[in-house]
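Visitor: Pasting a structure below so you can have a look.
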Amino acid sequence: MVEFEVTGTTVTVHVVGAHQLLALRDQLTFDLSDVIALGRAGVDRRPPWVRAPGTFFPGVIAAGTFRGKGRKEFWDTRFDGRAIRVDLANAEVTRLVVDVADPDAELRKLVSAVAA
């Protein structure tokens with residue numbers, strides 16, 4: 001699970017608890033101007049094929065960095081319906097798919113920050 005922190009125009013994504021070990025990362029940042037799409041992530045989504053580095057057990061957990069043709073994604077989800085998707089341009093990663101405590105509240109917070 002992750003927590004989003006918005007400071008000015010910068011968003012910091014904090015990976016929480018044991019997921020830091022599974023994802024091999026404790027945080028990442030991006031600028032609000034890099035956001036091109038936000039939404040709920042379907043439980044049937046799967047990360048790109050190449051895991052580098054991270055953890056993946058099909059249908060159980062995807063945590064870490066995953067690469068596909070022309071994309072680099074960060075995932076931290078247990079496929080339980082609490083994940084949100086953030087598509088980015090000109091950032092370190094092209095997409096985030098991460099579990100949050102309250103997906104609707106996090107999406108509202110990010111949408112209002114992007115709109116400001």
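Residue names in the structure tokens use chain letters A, B, ... in the order shown, residue numbers from 1 in each chain, and ligand numbers from 1 in the order shown.
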Find the spatial neighbours of Ala23 of chain A, counting only C-alpha atoms, within a cut-off of 6 Å - ignore same-chain residues fewer than 3 positions away - and output them as number ranges by chain.
Guide: A: 19-20, 54, 63-64
Visitor: Those residues with N, CA and C atoms, as a PDB file, in the first residue's frame please?
Guide:
ATOM      1  N   HIS A  19       5.758  -3.598   2.239  1.00  0.00           N
ATOM      2  CA  HIS A  19       5.734  -3.439   0.780  1.00  0.00           C
ATOM      3  C   HIS A  19       7.015  -2.775   0.276  1.00  0.00           C
ATOM      4  N   GLN A  20       7.725  -2.065   1.158  1.00  0.00           N
ATOM      5  CA  GLN A  20       9.016  -1.491   0.777  1.00  0.00           C
ATOM      6  C   GLN A  20       9.993  -2.600   0.387  1.00  0.00           C
ATOM      7  N   GLY A  54      11.503  -6.302  -8.375  1.00  0.00           N
ATOM      8  CA  GLY A  54      10.218  -6.355  -7.703  1.00  0.00           C
ATOM      9  C   GLY A  54       9.748  -7.765  -7.431  1.00  0.00           C
ATOM     10  N   ALA A  63       4.473  -5.908  -6.948  1.00  0.00           N
ATOM     11  CA  ALA A  63       5.121  -4.821  -6.229  1.00  0.00           C
ATOM     12  C   ALA A  63       6.498  -4.591  -6.821  1.00  0.00           C
ATOM     13  N   GLY A  64       6.722  -3.389  -7.336  1.00  0.00           N
ATOM     14  CA  GLY A  64       8.029  -3.064  -7.882  1.00  0.00           C
ATOM     15  C   GLY A  64       7.927  -2.409  -9.240  1.00  0.00           C
TER      16      GLY A  64
END
Visitor: Counting only C-alpha atoms, what is within 12 Å of Asp104 of chain A, bar same-chain residues fewer than 6 positions away, as a tab-separated table (two decimals) with N, CA and C atoms, in the first residue's frame?
Guide:
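Generated file (selection.tsv):
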chain	number	residue	atom	x	y	z
A	38	LEU	N	-5.98	9.73	-14.61
A	38	LEU	CA	-6.18	9.17	-13.27
A	38	LEU	C	-7.43	8.31	-13.28
A	39	GLY	N	-7.44	7.24	-12.52
A	39	GLY	CA	-8.64	6.42	-12.43
A	39	GLY	C	-8.44	5.21	-11.56
A	40	ARG	N	-9.53	4.47	-11.36
A	40	ARG	CA	-9.45	3.21	-10.63
A	40	ARG	C	-8.80	2.18	-11.53
A	41	ALA	N	-8.02	1.30	-10.95
A	41	ALA	CA	-7.39	0.22	-11.71
A	41	ALA	C	-8.22	-1.04	-11.53
A	81	GLY	N	-9.04	-4.62	-5.53
A	81	GLY	CA	-10.01	-3.57	-5.85
A	81	GLY	C	-9.73	-2.22	-5.23
A	82	ARG	N	-8.60	-2.07	-4.53
A	82	ARG	CA	-8.29	-0.79	-3.90
A	82	ARG	C	-7.19	-0.03	-4.64
A	83	ALA	N	-6.93	-0.41	-5.88
A	83	ALA	CA	-5.83	0.22	-6.62
A	83	ALA	C	-6.32	1.38	-7.48
A	84	ILE	N	-5.46	2.38	-7.60
A	84	ILE	CA	-5.70	3.48	-8.53
A	84	ILE	C	-4.59	3.47	-9.57
A	85	ARG	N	-4.89	4.05	-10.72
A	85	ARG	CA	-3.95	4.11	-11.85
A	85	ARG	C	-3.64	5.58	-12.13
A	110	LEU	N	-6.08	13.88	-5.74
A	110	LEU	CA	-5.17	14.06	-6.88
A	110	LEU	C	-5.81	14.86	-8.00
A	111	VAL	N	-7.08	14.60	-8.28
A	111	VAL	CA	-7.76	15.36	-9.33
A	111	VAL	C	-7.81	16.84	-8.99
Visitor: Using only C-alpha atoms, pick whichever of A:Asp34, A:Val2, A:Val15, A:Phe79 has the shortest atom-to-atom distance to Glu92 of chain A.
Guide: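 Counting only C-alpha atoms, the residue closest to Glu92 of chain A is A:Asp34.
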Visitor: Residues of segment 27-96 of chain A in strand (DSSP E or B) according to DSSP, as number ranges by chain?
Guide: A: 27-31, 35-40, 50-57, 61-68, 71-77, 83-88, 95-96
Visitor: Take the residues just selected and output them with N, CA and C atoms as a compact mmCIF listing (two decimals), in the first residue's frame.
Guide:
# COMPACT_ATOMS: atom_id res chain seq x y z
N GLN A 27 9.98 5.19 -1.92
CA GLN A 27 9.20 6.31 -2.42
C GLN A 27 9.58 6.64 -3.85
N LEU A 28 8.73 7.40 -4.51
CA LEU A 28 9.04 7.98 -5.80
C LEU A 28 8.28 9.29 -5.91
N THR A 29 8.75 10.17 -6.78
CA THR A 29 8.12 11.49 -6.92
C THR A 29 7.85 11.78 -8.39
N PHE A 30 6.85 12.65 -8.59
CA PHE A 30 6.56 13.15 -9.93
C PHE A 30 5.89 14.50 -9.80
N ASP A 31 5.87 15.23 -10.88
CA ASP A 31 5.27 16.56 -10.89
C ASP A 31 3.80 16.45 -11.32
N VAL A 35 0.95 14.39 -14.97
CA VAL A 35 -0.23 13.50 -14.92
C VAL A 35 -1.06 13.68 -16.19
N ILE A 36 -1.30 12.56 -16.90
CA ILE A 36 -2.14 12.63 -18.09
C ILE A 36 -3.47 11.90 -17.91
N ALA A 37 -3.56 11.01 -16.91
CA ALA A 37 -4.82 10.31 -16.64
C ALA A 37 -4.81 9.75 -15.22
N LEU A 38 -5.98 9.73 -14.61
CA LEU A 38 -6.18 9.17 -13.27
C LEU A 38 -7.43 8.31 -13.28
N GLY A 39 -7.44 7.24 -12.52
CA GLY A 39 -8.64 6.42 -12.43
C GLY A 39 -8.44 5.21 -11.56
N ARG A 40 -9.53 4.47 -11.36
CA ARG A 40 -9.45 3.21 -10.63
C ARG A 40 -8.80 2.18 -11.53
N VAL A 50 8.32 -7.75 -17.98
CA VAL A 50 9.66 -7.77 -17.38
C VAL A 50 9.64 -7.08 -16.02
N ARG A 51 9.95 -7.84 -14.99
CA ARG A 51 10.02 -7.32 -13.62
C ARG A 51 11.46 -6.95 -13.32
N ALA A 52 11.70 -5.68 -12.95
CA ALA A 52 13.08 -5.26 -12.73
C ALA A 52 13.17 -4.04 -11.84
N PRO A 53 13.39 -4.11 -10.58
CA PRO A 53 13.24 -5.23 -9.66
C PRO A 53 11.86 -5.22 -9.02
N GLY A 54 11.50 -6.30 -8.38
CA GLY A 54 10.22 -6.36 -7.70
C GLY A 54 9.75 -7.76 -7.43
N THR A 55 8.47 -7.86 -7.07
CA THR A 55 7.83 -9.12 -6.69
C THR A 55 6.56 -9.29 -7.48
N PHE A 56 6.31 -10.49 -8.00
CA PHE A 56 5.05 -10.75 -8.70
C PHE A 56 4.62 -12.19 -8.47
N PHE A 57 3.43 -12.35 -7.90
CA PHE A 57 2.76 -13.63 -7.78
C PHE A 57 1.39 -13.43 -8.41
N ILE A 61 -0.02 -10.54 -5.74
CA ILE A 61 0.64 -9.26 -5.53
C ILE A 61 1.55 -8.93 -6.71
N ALA A 62 1.61 -7.65 -7.00
CA ALA A 62 2.60 -7.10 -7.93
C ALA A 62 3.18 -5.89 -7.21
N ALA A 63 4.47 -5.91 -6.95
CA ALA A 63 5.12 -4.82 -6.23
C ALA A 63 6.50 -4.59 -6.82
N GLY A 64 6.72 -3.39 -7.34
CA GLY A 64 8.03 -3.06 -7.88
C GLY A 64 7.93 -2.41 -9.24
N THR A 65 9.04 -2.41 -9.95
CA THR A 65 9.14 -1.80 -11.26
C THR A 65 8.98 -2.86 -12.33
N PHE A 66 8.14 -2.57 -13.30
CA PHE A 66 7.89 -3.50 -14.40
C PHE A 66 8.08 -2.75 -15.72
N ARG A 67 8.69 -3.42 -16.68
CA ARG A 67 8.97 -2.78 -17.97
C ARG A 67 8.29 -3.54 -19.09
N GLY A 68 7.84 -2.77 -20.06
CA GLY A 68 7.26 -3.32 -21.28
C GLY A 68 7.75 -2.48 -22.43
N ARG A 71 7.58 1.40 -22.05
CA ARG A 71 6.98 1.84 -20.79
C ARG A 71 7.74 1.28 -19.59
N LYS A 72 7.66 2.02 -18.52
CA LYS A 72 8.24 1.64 -17.23
C LYS A 72 7.19 1.97 -16.19
N GLU A 73 6.72 0.96 -15.48
CA GLU A 73 5.60 1.14 -14.55
C GLU A 73 6.00 0.74 -13.14
N PHE A 74 5.39 1.42 -12.15
CA PHE A 74 5.56 1.04 -10.76
C PHE A 74 4.24 0.50 -10.26
N TRP A 75 4.26 -0.70 -9.71
CA TRP A 75 3.07 -1.37 -9.19
C TRP A 75 3.26 -1.69 -7.72
N ASP A 76 2.20 -1.55 -6.95
CA ASP A 76 2.14 -2.04 -5.58
C ASP A 76 0.67 -2.34 -5.29
N THR A 77 0.24 -3.50 -5.72
CA THR A 77 -1.18 -3.87 -5.56
C THR A 77 -1.33 -5.34 -5.20
N ALA A 83 -6.93 -0.41 -5.88
CA ALA A 83 -5.83 0.22 -6.62
C ALA A 83 -6.32 1.38 -7.48
N ILE A 84 -5.46 2.38 -7.60
CA ILE A 84 -5.70 3.48 -8.53
C ILE A 84 -4.59 3.47 -9.57
N ARG A 85 -4.89 4.05 -10.72
CA ARG A 85 -3.95 4.11 -11.85
C ARG A 85 -3.64 5.58 -12.13
N VAL A 86 -2.36 5.88 -12.23
CA VAL A 86 -1.91 7.23 -12.58
C VAL A 86 -1.01 7.11 -13.79
N ASP A 87 -1.44 7.65 -14.93
CA ASP A 87 -0.63 7.65 -16.14
C ASP A 87 0.15 8.95 -16.20
N LEU A 88 1.45 8.83 -16.54
CA LEU A 88 2.34 9.98 -16.52
C LEU A 88 3.09 10.14 -17.84
N ARG A 95 3.55 4.85 -15.66
CA ARG A 95 2.28 4.52 -15.01
C ARG A 95 2.54 4.03 -13.59
N LEU A 96 1.63 4.38 -12.69
CA LEU A 96 1.59 3.84 -11.34
C LEU A 96 0.29 3.06 -11.20
Visitor: What's the separation between atom CA of Gly8 of chain A and atom CA of Leu32 of chain A, in Å to one decimal place?
Guide: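 Pair atom CA of Gly8 of chain A / atom CA of Leu32 of chain A returns 8.8 Å.
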Visitor: Rounded to one decimal, what separation in Å do you get between atom CA of Met1 of chain A and atom CA of Ala115 of chain A?
Guide: 24.9 Å
Visitor: For a test of reading the model, state the distance in Å between atom CA of Arg46 of chain A and atom CA of Val97 of chain A, rounded to one decimal.
Guide: 9.6 Å
Visitor: Calculated over only C-alpha atoms, which of the candidates A:Arg45, A:Thr94, A:Ser33, A:Ala89 has the smallest distance to Lys69 of chain A?
Guide: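 Looking at the shortest contact to Lys69 of chain A, the residue is A:Thr94.
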Visitor: Just the alpha helix (DSSP H) stuff from chain A, please, per backbone DSSP, written as an MDAnalysis selection string.
Guide: chainID A and resid 19:23 103:115
Visitor: Filtering to C-alpha atoms, could you give me those residues as an mmCIF file, in the first residue's frame?
Guide:
data_model
loop_
_atom_site.group_PDB
_atom_site.id
_atom_site.type_symbol
_atom_site.label_atom_id
_atom_site.label_comp_id
_atom_site.auth_asym_id
_atom_site.auth_seq_id
_atom_site.Cartn_x
_atom_site.Cartn_y
_atom_site.Cartn_z
ATOM 1 C CA HIS A 19 5.734 -3.439 0.780
ATOM 2 C CA GLN A 20 9.016 -1.491 0.777
ATOM 3 C CA LEU A 21 10.822 -4.848 0.801
ATOM 4 C CA LEU A 22 8.570 -6.371 -1.843
ATOM 5 C CA ALA A 23 8.747 -3.344 -4.149
ATOM 6 C CA PRO A 103 -9.285 4.954 -3.602
ATOM 7 C CA ASP A 104 -12.123 7.461 -4.088
ATOM 8 C CA ALA A 105 -10.676 9.941 -1.572
ATOM 9 C CA GLU A 106 -7.173 9.662 -3.069
ATOM 10 C CA LEU A 107 -8.514 10.180 -6.579
ATOM 11 C CA ARG A 108 -10.463 13.263 -5.465
ATOM 12 C CA LYS A 109 -7.335 14.644 -3.783
ATOM 13 C CA LEU A 110 -5.170 14.061 -6.880
ATOM 14 C CA VAL A 111 -7.762 15.363 -9.333
ATOM 15 C CA SER A 112 -8.187 18.582 -7.348
ATOM 16 C CA ALA A 113 -4.395 19.005 -7.080
ATOM 17 C CA VAL A 114 -3.972 18.524 -10.842
ATOM 18 C CA ALA A 115 -6.809 20.974 -11.581
#
